[in-house]
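Q: To start, I am sharing the structure in question, which I have written as structure tokens.
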Amino acid sequence: MLIDGEWVEARSGRWREVTSPAHRGTVLARVPEADREDIDRAVTAARAALGPWRAQHFKTRQRALGKIADAIEARAEELARTTAADTGNALRTEARPEVATLVDLFRYFAGVAGEVKGTTLPAGDGQLQYTRLEPLGVVGAIVPWNSPLAIVGFKIPAALAAGNTVVLKAAEDAPLSVLQLAQICAEHLPAGVLNVLSGDGRVAGAALVEHPGIDKISFTGSTEVGRVVARSAGERLIHASLELGGKSPSIVFPDAVDDQLIDGLLLSTRFFRQGQSCTAGTRLFLHEEIHDEVVEKLVARLRTLTVGDPLDEASDMGAVINEKQFDAVRAYLDDGRAQAGMTAAIGGTAPSDGPLANGLYHIPTVFTGARNDFRLAREEIFGPVLVAIRWRDRDEVIRMANDSNYGLAAYVWTGDLDQALTTAHRLEAGWVQVNQGGGQVVGQSYGGYKDSGLGREVSLEGMLAGFTQTKQINVRLRG
């Protein structure tokens, strides 16, 4: 682990095995099992580094982030292969694009580092009144396993550009590429500015959230754990941002059916990431006029996907992260097959023989005949499972889309611009895509409504709101 510029083991001497999602029982590596003592060492180092780091001219921080971006790009294939191995995400469709996004994030926040600035107020000749945007202090960051490098990129460069120091806890199931990234960052940052630890969330993560030396918690993960983080932050009145779960609606109007629609729907489902994304459009609302046609075309497209070893160039989809998640997805499949009126148009069961049975693989599943009140339409599955729901009236489908505890992402598909924008404006989601399954670029605010979290990331606005605080200074001039 990286603490105060040094590579160290856990003080306890405990280690944790990182196993392969693609090959059951295969140990990829061992990483230190951090506990409260290690977290305390890291926070102490970050506090010691905070004064000098925040005092730097912004160009110093800008240059450091730019050098890190160049170094990531130079080692992109190594990072991609590592993240494919420990997350199970396919190398070609997911891991390489994720590393490219990480490079973009470091370069973007390097570019806006000079925008951490205040305002001067027109208070007359006898007063100088101005504001300063100052760093919050020591940021505790916790990232999940589904897209660890990208989500580190949401947090670390923004926090550092604003003058904060960071203690990062990597996901216990996918820490390897994050630790490789820490190696790169350590070459270009002063000791203690960035500290990266591995360990269990219930021990190391909890210790980080509860540590009195932490000024801000930036957490990405499940809504359930996010509530625990929010309670702890609230008790201590520290800053917190939470990017949590989702159950995103995808609304298809009758005029939207073409080949681009099917490719867009495939992207929006995040099946290339085994559905392990909180922006996955897994509630597919199909107008009754085109329901059967779209299901048929989507199923035909899904049949062409190759599910297999994440490191195989031929694989479109890889493996889910661990046995717990594999079993959870399988339980949802069992529930879907048992639900009266619901039918699996494709998939519906986990592979039981052949090469896929040797890993934690699920195949694409589409259930038809669903209603918005079914369990599979209410809960975040975090697997490659889609439910198709018929609709007739626009007001009805918007009501169903908004009838969810979540509000992270949404998708609208139509050739009618007025209909597209009117629908997008009425959806209760922080991130709406029209006629595309992706579309998010670095620099646009990202975050959710309702149980999908608090705060925004990936943007200048997110950096200023999430990693700085305003100080007002008023000076009476003697004239």
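Each chain in the structure tokens gets a letter, A, B, ..., in the order shown, and its residues are numbered from 1; ligands are numbered from 1 in order too.
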Using only C-alpha atoms, which residues sit within 10 Å of Ala186 of chain A once same-chain residues fewer than 4 positions away are excluded, as a ChimeraX atom specification?
A: /A:2-7,68,181-182,190-196
Q: Using DSSP assignments from the backbone, pull out every residue in segment 404-461 of chain A that falls under helix (DSSP H, G or I) and give it to me as a PyMOL selection string.
A: chain A and resi 417-426+460-461
Q: Store the residues picked out above in a file with all heavy atoms, as a compact mmCIF listing (two decimals), in the first residue's frame.
A:
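For reference, out_33.txt as written:
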# COMPACT_ATOMS: atom_id res chain seq x y z
N LEU A 417 -38.11 15.78 -31.80
CA LEU A 417 -37.31 16.59 -30.88
C LEU A 417 -38.14 17.12 -29.72
O LEU A 417 -37.71 17.09 -28.57
CB LEU A 417 -36.65 17.74 -31.63
CG LEU A 417 -35.75 18.66 -30.78
CD1 LEU A 417 -34.61 17.88 -30.15
CD2 LEU A 417 -35.23 19.82 -31.63
N ASP A 418 -39.34 17.62 -30.02
CA ASP A 418 -40.19 18.14 -28.95
C ASP A 418 -40.54 17.06 -27.94
O ASP A 418 -40.47 17.26 -26.73
CB ASP A 418 -41.48 18.73 -29.55
CG ASP A 418 -42.40 19.29 -28.47
OD1 ASP A 418 -42.09 20.37 -27.94
OD2 ASP A 418 -43.40 18.62 -28.16
N GLN A 419 -40.87 15.89 -28.46
CA GLN A 419 -41.20 14.76 -27.59
C GLN A 419 -39.99 14.32 -26.76
O GLN A 419 -40.12 14.02 -25.56
CB GLN A 419 -41.69 13.60 -28.45
CG GLN A 419 -42.22 12.42 -27.68
CD GLN A 419 -43.11 11.56 -28.56
OE1 GLN A 419 -44.31 11.51 -28.38
NE2 GLN A 419 -42.51 10.87 -29.53
N ALA A 420 -38.83 14.33 -27.39
CA ALA A 420 -37.61 13.92 -26.69
C ALA A 420 -37.30 14.86 -25.53
O ALA A 420 -37.06 14.42 -24.40
CB ALA A 420 -36.44 13.89 -27.67
N LEU A 421 -37.33 16.17 -25.80
CA LEU A 421 -36.95 17.12 -24.77
C LEU A 421 -38.01 17.23 -23.68
O LEU A 421 -37.69 17.33 -22.49
CB LEU A 421 -36.69 18.49 -25.39
CG LEU A 421 -35.51 18.54 -26.36
CD1 LEU A 421 -35.31 19.95 -26.89
CD2 LEU A 421 -34.23 18.04 -25.70
N THR A 422 -39.29 17.21 -24.08
CA THR A 422 -40.36 17.27 -23.08
C THR A 422 -40.27 16.08 -22.13
O THR A 422 -40.42 16.23 -20.91
CB THR A 422 -41.73 17.29 -23.78
OG1 THR A 422 -41.81 18.44 -24.64
CG2 THR A 422 -42.85 17.35 -22.75
N THR A 423 -40.01 14.91 -22.69
CA THR A 423 -39.88 13.71 -21.85
C THR A 423 -38.64 13.79 -20.97
O THR A 423 -38.71 13.52 -19.76
CB THR A 423 -39.82 12.45 -22.74
OG1 THR A 423 -40.99 12.37 -23.55
CG2 THR A 423 -39.72 11.19 -21.87
N ALA A 424 -37.52 14.19 -21.55
CA ALA A 424 -36.27 14.28 -20.78
C ALA A 424 -36.42 15.25 -19.61
O ALA A 424 -35.93 14.99 -18.51
CB ALA A 424 -35.13 14.72 -21.68
N HIS A 425 -37.12 16.36 -19.84
CA HIS A 425 -37.28 17.36 -18.78
C HIS A 425 -38.16 16.86 -17.64
O HIS A 425 -38.03 17.32 -16.51
CB HIS A 425 -37.87 18.64 -19.35
CG HIS A 425 -36.95 19.35 -20.29
ND1 HIS A 425 -37.31 20.45 -21.03
CD2 HIS A 425 -35.65 19.10 -20.63
CE1 HIS A 425 -36.30 20.86 -21.77
NE2 HIS A 425 -35.29 20.05 -21.56
N ARG A 426 -39.05 15.93 -17.94
CA ARG A 426 -39.96 15.43 -16.90
C ARG A 426 -39.41 14.23 -16.13
O ARG A 426 -39.98 13.85 -15.10
CB ARG A 426 -41.30 15.04 -17.55
CG ARG A 426 -42.08 16.24 -18.09
CD ARG A 426 -43.35 15.81 -18.81
NE ARG A 426 -44.28 15.11 -17.92
CZ ARG A 426 -45.39 14.51 -18.33
NH1 ARG A 426 -45.70 14.51 -19.63
NH2 ARG A 426 -46.18 13.90 -17.46
N LEU A 460 -16.09 20.61 -13.80
CA LEU A 460 -15.61 21.76 -13.04
C LEU A 460 -16.56 22.09 -11.91
O LEU A 460 -16.14 22.33 -10.77
CB LEU A 460 -15.44 22.96 -13.97
CG LEU A 460 -15.10 24.30 -13.30
CD1 LEU A 460 -13.79 24.21 -12.53
CD2 LEU A 460 -15.06 25.43 -14.33
N GLU A 461 -17.89 22.11 -12.21
CA GLU A 461 -18.86 22.40 -11.16
C GLU A 461 -18.77 21.40 -10.03
O GLU A 461 -18.86 21.75 -8.85
CB GLU A 461 -20.29 22.38 -11.72
CG GLU A 461 -20.51 23.24 -12.96
CD GLU A 461 -20.38 22.44 -14.24
OE1 GLU A 461 -19.23 22.22 -14.67
OE2 GLU A 461 -21.41 22.02 -14.80
Q: Could the residues of segment 316-424 of chain A that have an atom at most 7 Å from segment 440-455 of chain A be listed as a tab-separated table, each with its closest atom pair and the distance in Å to one decimal, counting only C-alpha atoms and ordered by chain and ascending residue number?
A:
residue	atom	partner	partner_atom	distance
A:Asn405	CA	A:Asp451	CA	5.7
A:Tyr406	CA	A:Asp451	CA	5.0
A:Gly407	CA	A:Tyr449	CA	4.5
A:Leu408	CA	A:Gly448	CA	4.0
Q: Counting only C-alpha atoms, which of A:Asp173, A:Glu73, A:Glu98, A:Glu289 gets nearest to Lys324 of chain A?
A: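 Result for the nearest residue to Lys324 of chain A: A:Asp173.
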Q: So how far away is atom CA of Asp316 of chain A from atom CA of Ala170 of chain A, in Å?
A: 25.8 Å
Q: Considering only C-alpha atoms, can you say which of A:Thr93, A:Thr269, A:Gln183, A:Gln325 comes closest to Pro21 of chain A?
A: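 When distances to Pro21 of chain A are compared using only C-alpha atoms, the smallest one comes from A:Gln325.
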Q: Tell me, as a list of chain:residue names, which residues lie within 8 Å of Trp145 of chain A, counting only C-alpha atoms; anything in the same chain fewer than 5 positions away does not count.
A: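 Final neighbour list, sorted by chain and number: A:Thr87, A:Ala171, A:Glu172, A:Asp173, A:Ala174, A:Pro175, A:Ile321.
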Q: So the first atom is atom CA of Gly205 of chain A and the second is atom CA of Ala29 of chain A; what is the distance between them in Å, to one decimal place?
A: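 Answer for the atom CA of Gly205 of chain A to atom CA of Ala29 of chain A separation: 20.5 Å.
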Q: Among segment 203-294 of chain A, which ones does DSSP assign to strand (DSSP E) (computed from the backbone)? Answer as JSON, numbers by chain.
A: {"A": [216, 217, 218, 219, 220, 239, 240, 241, 242, 243, 249, 250, 251, 252, 283, 284, 285, 286, 287]}
Q: Using only C-alpha atoms, determine which residues lie at most 6 Å from Gly281 of chain A, disregarding the query and same-chain residues fewer than 4 positions distant; provide the list as JSON, numbers by chain.
A: {"A": [248, 249, 250, 268, 269]}
Q: Could the residues in this selection be saved with N, CA and C atoms as a JSON list (two decimals), in the first residue's frame?
A:
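Once everything was written out, this is again39.json:
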[["chain", "number", "residue", "atom", "x", "y", "z"],
["A", 248, "SER", "N", -32.31, 2.36, -14.02],
["A", 248, "SER", "CA", -32.57, 3.40, -15.00],
["A", 248, "SER", "C", -33.61, 2.99, -16.04],
["A", 249, "PRO", "N", -34.56, 3.90, -16.32],
["A", 249, "PRO", "CA", -35.55, 3.64, -17.36],
["A", 249, "PRO", "C", -34.99, 3.97, -18.75],
["A", 250, "SER", "N", -35.46, 3.21, -19.73],
["A", 250, "SER", "CA", -35.10, 3.44, -21.12],
["A", 250, "SER", "C", -36.41, 3.41, -21.91],
["A", 268, "SER", "N", -26.73, 0.98, -23.71],
["A", 268, "SER", "CA", -27.37, 1.50, -22.51],
["A", 268, "SER", "C", -27.58, 0.43, -21.44],
["A", 269, "THR", "N", -27.70, -0.83, -21.84],
["A", 269, "THR", "CA", -27.89, -1.90, -20.85],
["A", 269, "THR", "C", -26.63, -2.20, -20.06]]
Q: Which one is closest to Arg36 of chain A: A:Pro351, A:Gly201, A:Pro157, A:Pro52? Count only C-alpha atoms.
A: A:Gly201
Q: Quick one: distance from atom CA of Met400 of chain A to atom CA of Ala300 of chain A in Å, one decimal?
A: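 Distance reported for this atom pair: 27.0 Å.
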Q: Do a neighbour search on Ser12 of chain A at 9 Å with only C-alpha atoms, toss out local chain neighbours closer than 4 positions, and write the hits as a list in words.
A: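 Neighbouring residues, sequence-local ones excluded: Glu33, Ala34, Asp35, Glu37 and Asp38 of chain A.
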Q: Counting only C-alpha atoms, which residue out of A:Ala204, A:Ile217, A:Ala71, A:Val152 sits closest to Gly466 of chain A?
A: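 Checking each candidate against Gly466 of chain A, we get A:Ile217 as the closest.
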Q: Looking at A:Phe253, A:Tyr332, A:Phe272, A:Phe219, which one is nearest to Ala240 of chain A, with distances taken over only C-alpha atoms?
A: A:Phe219
Q: Let me make sure I understand: among A:Thr279, A:Ser232, A:Thr368, A:Asn435, which one has the smallest atom-to-atom distance to Asp263 of chain A if we use only C-alpha atoms?
A: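 Smallest separation from Asp263 of chain A among the options: A:Asn435.
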